[in-house]
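**Q** So I've got this file, run09.cif, and it contains mmCIF, C-alpha atoms and all ligand atoms:
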```cif
data_input
loop_
_atom_site.group_PDB
_atom_site.id
_atom_site.type_symbol
_atom_site.label_atom_id
_atom_site.label_comp_id
_atom_site.auth_asym_id
_atom_site.auth_seq_id
_atom_site.Cartn_x
_atom_site.Cartn_y
_atom_site.Cartn_z
ATOM 1 C CA MET A 1 82.793 109.461 31.921
ATOM 2 C CA LYS A 2 79.167 110.007 32.750
ATOM 3 C CA ILE A 3 78.217 112.425 35.504
ATOM 4 C CA SER A 4 76.741 109.499 37.506
ATOM 5 C CA THR A 5 80.189 107.798 37.573
ATOM 6 C CA TYR A 6 81.754 110.990 38.985
ATOM 7 C CA LEU A 7 79.007 111.092 41.600
ATOM 8 C CA ILE A 8 79.618 107.470 42.634
ATOM 9 C CA ILE A 9 83.389 108.071 42.963
ATOM 10 C CA PHE A 10 82.717 111.248 44.939
ATOM 11 C CA PHE A 11 80.452 109.388 47.401
ATOM 12 C CA ILE A 12 82.961 106.555 47.859
ATOM 13 C CA ILE A 13 85.694 109.089 48.738
ATOM 14 C CA LEU A 14 83.269 110.863 51.089
ATOM 15 C CA LEU A 15 82.469 107.593 52.866
ATOM 16 C CA PHE A 16 86.185 106.805 53.379
ATOM 17 C CA ALA A 17 86.828 110.290 54.762
ATOM 18 C CA LEU A 18 83.887 110.005 57.131
ATOM 19 C CA GLY A 19 85.019 106.577 58.334
ATOM 20 C CA PHE A 20 88.537 107.876 58.945
ATOM 21 C CA VAL A 21 87.360 110.880 60.977
ATOM 22 C CA LEU A 22 84.982 108.779 63.121
ATOM 23 C CA GLY A 23 87.529 106.009 63.715
ATOM 24 C CA TYR A 24 90.246 108.484 64.624
ATOM 25 C CA ASN A 25 88.130 110.237 67.208
ATOM 26 C CA GLN A 26 87.019 107.119 69.024
ATOM 27 C CA ASN A 27 88.470 106.950 72.522
ATOM 28 C CA PRO A 28 92.123 107.761 71.779
ATOM 29 C CA ASN A 29 93.078 106.651 75.314
ATOM 30 C CA ALA A 30 91.719 103.158 74.921
ATOM 31 C CA THR A 31 93.744 102.697 71.747
ATOM 32 C CA LYS A 32 96.855 104.003 73.402
ATOM 33 C CA PHE A 33 96.601 101.621 76.330
ATOM 34 C CA GLN A 34 95.828 98.688 74.056
ATOM 35 C CA ASN A 35 98.895 99.522 72.022
ATOM 36 C CA GLU A 36 100.979 99.441 75.171
ATOM 37 C CA ASN A 37 99.534 96.025 75.867
ATOM 38 C CA ASN A 38 97.926 97.444 78.994
ATOM 39 C CA LYS A 39 101.274 97.938 80.620
ATOM 40 C CA PHE A 40 101.332 101.210 82.502
ATOM 41 C CA ILE A 41 104.783 102.614 81.960
ATOM 42 C CA ASP A 42 104.305 105.775 83.950
ATOM 43 C CA HIS A 43 102.579 106.007 87.309
ATOM 44 C CA ASN A 44 101.076 109.429 86.624
ATOM 45 C CA GLU A 45 99.738 108.194 83.335
ATOM 46 C CA ARG A 46 98.039 105.324 85.119
ATOM 47 C CA GLN A 47 96.627 107.662 87.749
ATOM 48 C CA ILE A 48 95.119 109.903 85.070
ATOM 49 C CA TYR A 49 93.745 106.907 83.216
ATOM 50 C CA GLU A 50 92.134 105.479 86.335
ATOM 51 C CA GLU A 51 90.642 108.783 87.356
ATOM 52 C CA ARG A 52 89.104 109.153 83.920
ATOM 53 C CA GLN A 53 87.687 105.663 84.154
ATOM 54 C CA ILE A 54 85.970 106.369 87.460
ATOM 55 C CA GLY A 55 83.786 109.432 87.326
ATOM 56 C CA ILE A 56 81.602 110.428 90.259
ATOM 57 C CA THR A 57 78.622 108.649 88.705
ATOM 58 C CA ASP A 58 80.623 105.458 88.419
ATOM 59 C CA GLN A 59 81.592 105.751 92.069
ATOM 60 C CA GLN A 60 77.978 105.743 93.186
ATOM 61 C CA GLU A 61 77.157 102.988 90.783
ATOM 62 C CA THR A 62 80.041 100.873 92.011
ATOM 63 C CA LYS A 63 79.074 101.431 95.626
ATOM 64 C CA ASN A 64 75.490 100.413 94.954
ATOM 65 C CA ASN A 65 75.671 97.735 92.303
ATOM 66 C CA ILE A 66 79.014 96.046 91.901
ATOM 67 C CA VAL A 67 79.658 92.911 93.850
ATOM 68 C CA PHE A 68 83.194 93.648 94.928
ATOM 69 C CA GLY A 69 85.881 91.171 94.045
ATOM 70 C CA THR A 70 83.890 89.005 91.666
ATOM 71 C CA LYS A 71 84.613 88.446 88.000
ATOM 72 C CA THR A 72 83.916 91.359 85.707
ATOM 73 C CA ASP A 73 82.133 91.473 82.356
ATOM 74 C CA ASN A 74 85.340 92.336 80.631
ATOM 75 C CA GLU A 75 87.242 89.134 81.305
ATOM 76 C CA THR A 76 89.644 89.419 78.357
ATOM 77 C CA GLU A 77 90.685 92.893 79.434
ATOM 78 C CA SER A 78 91.391 91.770 82.991
ATOM 79 C CA GLU A 79 93.349 88.761 81.744
ATOM 80 C CA LYS A 80 95.656 91.082 79.813
ATOM 81 C CA ALA A 81 96.190 93.386 82.813
ATOM 82 C CA PRO A 82 94.698 91.673 85.840
ATOM 83 C CA ASP A 83 95.495 94.573 88.149
ATOM 84 C CA VAL A 84 93.553 97.208 86.203
ATOM 85 C CA GLU A 85 90.111 95.982 87.247
ATOM 86 C CA TYR A 86 91.255 95.862 90.839
ATOM 87 C CA TYR A 87 92.608 99.422 90.747
ATOM 88 C CA LYS A 88 89.295 100.739 89.430
ATOM 89 C CA LYS A 89 87.368 99.262 92.351
ATOM 90 C CA ALA A 90 90.010 100.075 94.961
ATOM 91 C CA LYS A 91 90.142 103.709 93.780
ATOM 92 C CA VAL A 92 86.424 104.026 94.441
ATOM 93 C CA LEU A 93 86.930 102.795 98.007
ATOM 94 C CA GLN A 94 89.926 105.099 98.476
ATOM 95 C CA ASN A 95 87.853 108.092 97.361
ATOM 96 C CA LEU A 96 85.001 107.120 99.666
ATOM 97 C CA TYR A 97 87.247 106.424 102.692
ATOM 98 C CA PRO A 98 90.480 108.412 102.163
ATOM 99 C CA ASP A 99 91.659 108.078 105.793
ATOM 100 C CA THR A 100 90.851 104.385 106.156
ATOM 101 C CA PHE A 101 91.423 102.701 102.790
ATOM 102 C CA ILE A 102 95.045 103.368 101.887
ATOM 103 C CA MET A 103 96.656 102.552 98.539
ATOM 104 C CA ASN A 104 99.792 104.686 98.885
ATOM 105 C CA HIS A 105 101.177 107.616 100.880
ATOM 106 C CA GLN A 106 101.140 111.086 99.357
ATOM 107 C CA THR A 107 104.736 112.276 99.602
ATOM 108 C CA PHE A 108 107.625 113.665 97.583
ATOM 109 C CA GLU A 109 110.112 111.705 99.675
ATOM 110 C CA LYS A 110 111.533 108.639 97.999
ATOM 111 C CA LYS A 111 110.191 106.214 100.582
ATOM 112 C CA ILE A 112 108.363 103.018 99.683
ATOM 113 C CA ALA A 113 106.958 99.978 101.470
ATOM 114 C CA LEU A 114 107.517 96.410 100.304
ATOM 115 C CA THR A 115 104.699 94.179 101.556
ATOM 116 C CA PHE A 116 104.565 90.379 101.570
ATOM 117 C CA ASP A 117 101.247 88.557 101.978
ATOM 118 C CA ASP A 118 99.998 85.125 103.013
ATOM 119 C CA GLY A 119 102.910 83.912 105.191
ATOM 120 C CA PRO A 120 104.492 82.816 107.266
ATOM 121 C CA ASP A 121 105.487 79.430 105.949
ATOM 122 C CA GLY A 122 108.508 77.237 106.622
ATOM 123 C CA LYS A 123 110.083 77.499 103.181
ATOM 124 C CA THR A 124 109.522 80.737 101.251
ATOM 125 C CA THR A 125 109.198 83.302 104.054
ATOM 126 C CA PRO A 126 112.628 82.433 105.566
ATOM 127 C CA ARG A 127 114.247 82.928 102.136
ATOM 128 C CA ILE A 128 112.533 86.314 101.722
ATOM 129 C CA LEU A 129 113.735 87.247 105.232
ATOM 130 C CA ASP A 130 117.287 86.171 104.311
ATOM 131 C CA THR A 131 117.303 88.511 101.302
ATOM 132 C CA LEU A 132 115.879 91.432 103.271
ATOM 133 C CA LYS A 133 118.541 90.890 105.930
ATOM 134 C CA GLU A 134 121.317 90.706 103.353
ATOM 135 C CA TYR A 135 120.301 94.103 101.943
ATOM 136 C CA ASN A 136 119.377 95.563 105.349
ATOM 137 C CA VAL A 137 115.846 96.366 104.171
ATOM 138 C CA THR A 138 112.671 96.429 106.300
ATOM 139 C CA ALA A 139 109.284 95.337 104.981
ATOM 140 C CA THR A 140 105.743 94.578 106.110
ATOM 141 C CA PHE A 141 104.315 91.058 106.329
ATOM 142 C CA PHE A 142 100.544 90.639 106.152
ATOM 143 C CA VAL A 143 100.209 87.247 107.785
ATOM 144 C CA LEU A 144 97.399 84.728 108.141
ATOM 145 C CA GLY A 145 96.395 83.829 111.707
ATOM 146 C CA LYS A 146 96.370 80.108 110.913
ATOM 147 C CA ASN A 147 99.955 80.316 109.606
ATOM 148 C CA VAL A 148 101.100 82.302 112.646
ATOM 149 C CA LYS A 149 99.869 79.394 114.738
ATOM 150 C CA LEU A 150 101.908 76.937 112.618
ATOM 151 C CA TYR A 151 105.135 78.985 112.357
ATOM 152 C CA PRO A 152 105.484 81.128 115.502
ATOM 153 C CA LYS A 153 109.293 81.187 115.244
ATOM 154 C CA ILE A 154 109.164 82.823 111.818
ATOM 155 C CA VAL A 155 106.903 85.564 113.189
ATOM 156 C CA ASN A 156 109.368 86.157 116.015
ATOM 157 C CA ARG A 157 112.134 86.387 113.452
ATOM 158 C CA MET A 158 110.169 89.021 111.456
ATOM 159 C CA ILE A 159 109.719 91.151 114.571
ATOM 160 C CA ASN A 160 113.335 90.708 115.746
ATOM 161 C CA GLU A 161 114.655 91.760 112.340
ATOM 162 C CA GLY A 162 112.672 95.010 112.409
ATOM 163 C CA HIS A 163 109.811 94.173 110.065
ATOM 164 C CA GLN A 164 106.175 95.094 110.602
ATOM 165 C CA VAL A 165 103.725 92.222 111.018
ATOM 166 C CA ALA A 166 100.046 92.853 110.302
ATOM 167 C CA ASN A 167 96.655 91.197 109.975
ATOM 168 C CA HIS A 168 95.676 89.455 106.707
ATOM 169 C CA SER A 169 92.731 87.551 108.323
ATOM 170 C CA TRP A 170 92.714 84.048 109.809
ATOM 171 C CA SER A 171 92.306 81.861 106.731
ATOM 172 C CA HIS A 172 92.191 84.036 103.586
ATOM 173 C CA LEU A 173 88.464 83.806 102.855
ATOM 174 C CA ARG A 174 87.210 86.419 100.379
ATOM 175 C CA PRO A 175 85.618 89.127 102.567
ATOM 176 C CA THR A 176 83.082 90.234 99.952
ATOM 177 C CA GLU A 177 81.558 86.753 100.026
ATOM 178 C CA LEU A 178 81.217 86.672 103.829
ATOM 179 C CA SER A 179 78.502 87.853 106.190
ATOM 180 C CA LEU A 180 79.525 90.654 108.548
ATOM 181 C CA GLU A 181 79.819 88.139 111.414
ATOM 182 C CA GLU A 182 82.007 85.756 109.396
ATOM 183 C CA PHE A 183 84.146 88.680 108.239
ATOM 184 C CA LEU A 184 84.707 89.956 111.787
ATOM 185 C CA LEU A 185 85.471 86.456 113.057
ATOM 186 C CA GLU A 186 88.262 86.167 110.449
ATOM 187 C CA ILE A 187 89.818 89.432 111.655
ATOM 188 C CA ASP A 188 89.271 88.870 115.366
ATOM 189 C CA SER A 189 90.788 85.368 115.382
ATOM 190 C CA ALA A 190 93.920 86.663 113.650
ATOM 191 C CA GLU A 191 93.957 89.680 115.981
ATOM 192 C CA GLU A 192 93.892 87.420 119.022
ATOM 193 C CA ILE A 193 96.966 85.428 118.047
ATOM 194 C CA LEU A 194 98.830 88.519 116.767
ATOM 195 C CA GLN A 195 98.453 90.256 120.143
ATOM 196 C CA ASN A 196 101.272 88.005 121.347
ATOM 197 C CA TYR A 197 103.690 89.532 118.840
ATOM 198 C CA ILE A 198 102.804 93.059 117.765
ATOM 199 C CA ASN A 199 103.121 96.168 119.900
ATOM 200 C CA ARG A 200 100.079 98.415 120.303
ATOM 201 C CA LEU A 201 101.399 101.231 118.127
ATOM 202 C CA GLU A 202 101.743 99.063 115.054
ATOM 203 C CA PHE A 203 98.751 96.872 115.699
ATOM 204 C CA PHE A 204 95.797 98.198 113.733
ATOM 205 C CA TYR A 205 96.733 97.433 110.168
ATOM 206 C CA TYR A 206 94.724 95.048 108.043
ATOM 207 C CA ARG A 207 94.961 93.931 104.429
ATOM 208 C CA PRO A 208 91.874 92.194 103.051
ATOM 209 C CA PRO A 209 92.505 88.934 101.177
ATOM 210 C CA TYR A 210 92.039 89.772 97.442
ATOM 211 C CA GLY A 211 92.145 93.469 98.389
ATOM 212 C CA LEU A 212 88.498 94.521 98.444
ATOM 213 C CA LEU A 213 85.808 95.058 101.066
ATOM 214 C CA THR A 214 82.203 96.221 101.041
ATOM 215 C CA PRO A 215 81.529 99.758 102.347
ATOM 216 C CA GLU A 216 79.789 98.200 105.368
ATOM 217 C CA GLN A 217 82.886 96.114 106.175
ATOM 218 C CA ILE A 218 85.159 99.162 105.841
ATOM 219 C CA GLU A 219 82.994 101.151 108.227
ATOM 220 C CA GLU A 220 82.987 98.297 110.741
ATOM 221 C CA ILE A 221 86.744 97.840 110.680
ATOM 222 C CA ASN A 222 87.333 101.580 110.856
ATOM 223 C CA TYR A 223 85.213 101.577 114.004
ATOM 224 C CA LYS A 224 87.573 98.966 115.456
ATOM 225 C CA GLY A 225 90.452 101.388 114.802
ATOM 226 C CA TYR A 226 92.064 99.673 111.812
ATOM 227 C CA LYS A 227 93.600 101.158 108.728
ATOM 228 C CA ILE A 228 93.079 99.085 105.593
ATOM 229 C CA ILE A 229 96.263 98.760 103.569
ATOM 230 C CA SER A 230 95.797 98.154 99.862
ATOM 231 C CA TRP A 231 98.631 98.778 97.367
ATOM 232 C CA SER A 232 99.598 101.095 94.520
ATOM 233 C CA ILE A 233 101.895 98.610 92.762
ATOM 234 C CA ASP A 234 100.947 94.990 92.190
ATOM 235 C CA SER A 235 104.109 93.032 91.371
ATOM 236 C CA LEU A 236 101.757 90.422 89.813
ATOM 237 C CA ASP A 237 103.937 87.734 91.418
ATOM 238 C CA TRP A 238 100.733 85.735 92.004
ATOM 239 C CA ASN A 239 100.079 85.745 88.265
ATOM 240 C CA VAL A 240 103.480 85.471 86.554
ATOM 241 C CA SER A 241 106.460 83.371 87.597
ATOM 242 C CA GLU A 242 109.295 84.917 85.554
ATOM 243 C CA PRO A 243 111.500 86.997 87.883
ATOM 244 C CA GLU A 244 112.257 89.516 85.080
ATOM 245 C CA LYS A 245 108.557 90.258 84.601
ATOM 246 C CA ILE A 246 108.041 90.791 88.332
ATOM 247 C CA GLN A 247 111.054 93.121 88.414
ATOM 248 C CA ASP A 248 109.895 95.091 85.355
ATOM 249 C CA LYS A 249 106.407 95.531 86.777
ATOM 250 C CA VAL A 250 107.685 96.972 90.062
ATOM 251 C CA ILE A 251 110.562 99.044 88.673
ATOM 252 C CA SER A 252 108.507 100.575 85.840
ATOM 253 C CA SER A 253 105.711 101.677 88.214
ATOM 254 C CA VAL A 254 107.732 102.895 91.208
ATOM 255 C CA HIS A 255 106.830 106.289 92.723
ATOM 256 C CA PRO A 256 107.388 108.066 96.062
ATOM 257 C CA GLY A 257 105.052 106.695 98.736
ATOM 258 C CA ALA A 258 104.365 103.438 96.868
ATOM 259 C CA ILE A 259 103.006 100.372 98.622
ATOM 260 C CA ILE A 260 104.175 97.293 96.710
ATOM 261 C CA LEU A 261 102.287 93.993 96.790
ATOM 262 C CA MET A 262 104.281 90.746 96.804
ATOM 263 C CA HIS A 263 103.844 87.315 98.393
ATOM 264 C CA SER A 264 105.936 85.281 100.843
ATOM 265 C CA ALA A 265 103.964 82.024 100.755
ATOM 266 C CA GLY A 266 101.652 79.939 98.574
ATOM 267 C CA GLY A 267 101.769 79.483 94.796
ATOM 268 C CA LYS A 268 102.597 76.349 92.798
ATOM 269 C CA ASP A 269 106.376 76.823 92.837
ATOM 270 C CA GLN A 270 106.860 78.199 96.372
ATOM 271 C CA ARG A 271 107.115 81.782 94.999
ATOM 272 C CA GLU A 272 110.414 81.009 93.277
ATOM 273 C CA GLY A 273 109.772 84.026 90.995
ATOM 274 C CA THR A 274 109.378 86.402 93.934
ATOM 275 C CA ILE A 275 112.513 85.086 95.651
ATOM 276 C CA LYS A 276 114.584 85.509 92.470
ATOM 277 C CA ALA A 277 113.104 88.918 91.607
ATOM 278 C CA LEU A 278 113.642 90.505 95.018
ATOM 279 C CA PRO A 279 117.414 91.221 94.981
ATOM 280 C CA GLY A 280 117.168 92.958 91.575
ATOM 281 C CA ILE A 281 114.220 95.065 92.728
ATOM 282 C CA ILE A 282 116.024 96.168 95.890
ATOM 283 C CA GLU A 283 119.273 96.930 94.030
ATOM 284 C CA ASN A 284 117.585 98.926 91.272
ATOM 285 C CA LEU A 285 115.329 100.982 93.538
ATOM 286 C CA THR A 286 118.135 101.662 96.016
ATOM 287 C CA LYS A 287 120.247 102.960 93.110
ATOM 288 C CA GLN A 288 117.345 105.263 92.205
ATOM 289 C CA GLY A 289 117.503 106.671 95.728
ATOM 290 C CA TYR A 290 114.510 104.902 97.252
ATOM 291 C CA GLU A 291 114.436 103.941 100.912
ATOM 292 C CA PHE A 292 112.470 100.906 102.092
ATOM 293 C CA VAL A 293 110.317 101.442 105.185
ATOM 294 C CA THR A 294 107.459 99.633 106.925
ATOM 295 C CA VAL A 295 103.863 100.604 106.132
ATOM 296 C CA HIS A 296 103.496 102.076 109.640
ATOM 297 C CA ASN A 297 106.566 104.271 109.174
ATOM 298 C CA LEU A 298 105.598 105.245 105.625
ATOM 299 C CA ILE A 299 102.120 106.528 106.425
ATOM 300 C CA ASN A 300 103.138 108.133 109.722
ATOM 301 C CA GLU A 301 106.268 109.673 108.141
ATOM 302 C CA ILE A 302 108.553 108.188 110.797
HETATM 303 NI NI NI B 1 96.571 87.207 100.367
#
```
Could you rewrite the structure in this file as structure tokens?
**A**
Amino acid sequence: MKISTYLIIFFIILLFALGFVLGYNQNPNATKFQNENNKFIDHNERQIYEERQIGITDQQETKNNIVFGTKTDNETESEKAPDVEYYKKAKVLQNLYPDTFIMNHQTFEKKIALTFDDGPDGKTTPRILDTLKEYNVTATFFVLGKNVKLYPKIVNRMINEGHQVANHSWSHLRPTELSLEEFLLEIDSAEEILQNYINRLEFFYYRPPYGLLTPEQIEEINYKGYKIISWSIDSLDWNVSEPEKIQDKVISSVHPGAIILMHSAGGKDQREGTIKALPGIIENLTKQGYEFVTVHNLINEI
């Protein structure tokens, strides 16, 4: 063979080698998470991943530029794992307001809080309450003021059976799309009706509809004395209906001090998935040694 042929072969091999090295070094984490289909098996792994995703620069950028709670550029990514985008934004708020914006409780004790949003209603919430009673488990219900007005007896039942009831706004408008006045009206109207049910000690807990607030809104609500309760585990029961998937999501992400998001109203099929998933979740986590407490008791270590 001619020398030029050797040279051509040599360059082709060189190009392949170069391509391999470059491809291999590109963001090994991203590949890993894609391979796992964006399912976070291990809580610590997720924590590390999220912290890497949000550097200090990103925090400032998010505070200044991102419109909280709106659709992101990376729609396909958030469709695959719809909670990941939320965690990124919520983490920023948690870092900015560690005493006010709460995603979980730092503890080694195996205590966790189940939370149910959007109730009460006349159909799903009573079935959730039945299951909790059967297993002798307490939980926290973030209720809507307008539903409290419609189903006062169910709220009384929650309180009588030892659950915590807390503010989830009057009518579930997205706070990040509201003016400060509209936002406060949503909280205050719910607060007014809830005063008839909740004792002072457990009163000042609020969960924003869709989970996010602007820094200005957080500062305002902190001034009123509220703690904002986000979550560290999204059961995704608003997104998937198969009970097994809801169970897997919760059980695979459980950790001491977890706050778990579920729903006790709304949805096309009356939260049939949540109702069917709940007994399995309670049985599995109890077997693992976890104790179910209210959000108030979890964060105050009662
Ligand atoms: Ni909600």
**Q** Please determine, counting all atoms listed in the file, which residue among A:Glu216, A:Pro82, A:Ala190, A:Leu201 has the shortest atom-to-atom distance to A:Leu96.
**A** A:Glu216
**Q** Could you list, as a list of chain:residue names, all the residues within 9 Å of ligand NI 1 (chain B), counting all atoms listed in the file?
**A**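 Counting all atoms listed in the file, the residues within 9 Å of ligand NI 1 (chain B) come out as A:Phe116, A:Asp117, A:Asp118, A:Gly119, A:Phe142, A:Val143, A:Leu144, A:His168, A:Ser169, A:His172, A:Arg207, A:Pro208, A:Pro209, A:Tyr210, A:Gly211, A:His263.
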**Q** To one decimal place, how far is atom CA of A:Trp170 from atom CA of A:Leu194 in Å?
**A** 10.3 Å
**Q** Run the PyMOL selection byres (((chain A and resi 105-112) around 12) and not hetatm) mentally over the shown coordinates, then write out the matched residues as a ChimeraX atom specification, using the chain letters and numbers from the document.
**A** /A:94,98-99,101-104,113-115,137-140,229-233,250-251,253-261,282,285-302
**Q** Expand the PyMOL selection byres (((chain A and resi 133) around 12) and not hetatm) into the individual residues it matches in the shown file, reporting them as a ChimeraX atom specification.
**A** /A:126-132,134-139,157-158,160-163,278-279,282
**Q** How many Å separate atom CA of A:Phe204 from atom CA of A:Gly225?
**A**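 One can read the atom CA of A:Phe204 to atom CA of A:Gly225 distance as 6.3 Å.
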**Q** Quick one: of A:Asn199, A:Ser179, A:Ala265, A:Tyr206, who's nearest to A:Lys227, counting all atoms listed in the file?
**A**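 Of A:Asn199, A:Ser179, A:Ala265, A:Tyr206, the one nearest A:Lys227 is A:Tyr206, counting all atoms listed in the file.
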**Q** Could you tell me how far atom CA of A:Asn222 sits from atom CA of A:Trp238, in Å to one decimal place?
**A**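 Computing it gives 28.0 Å between the two atoms.
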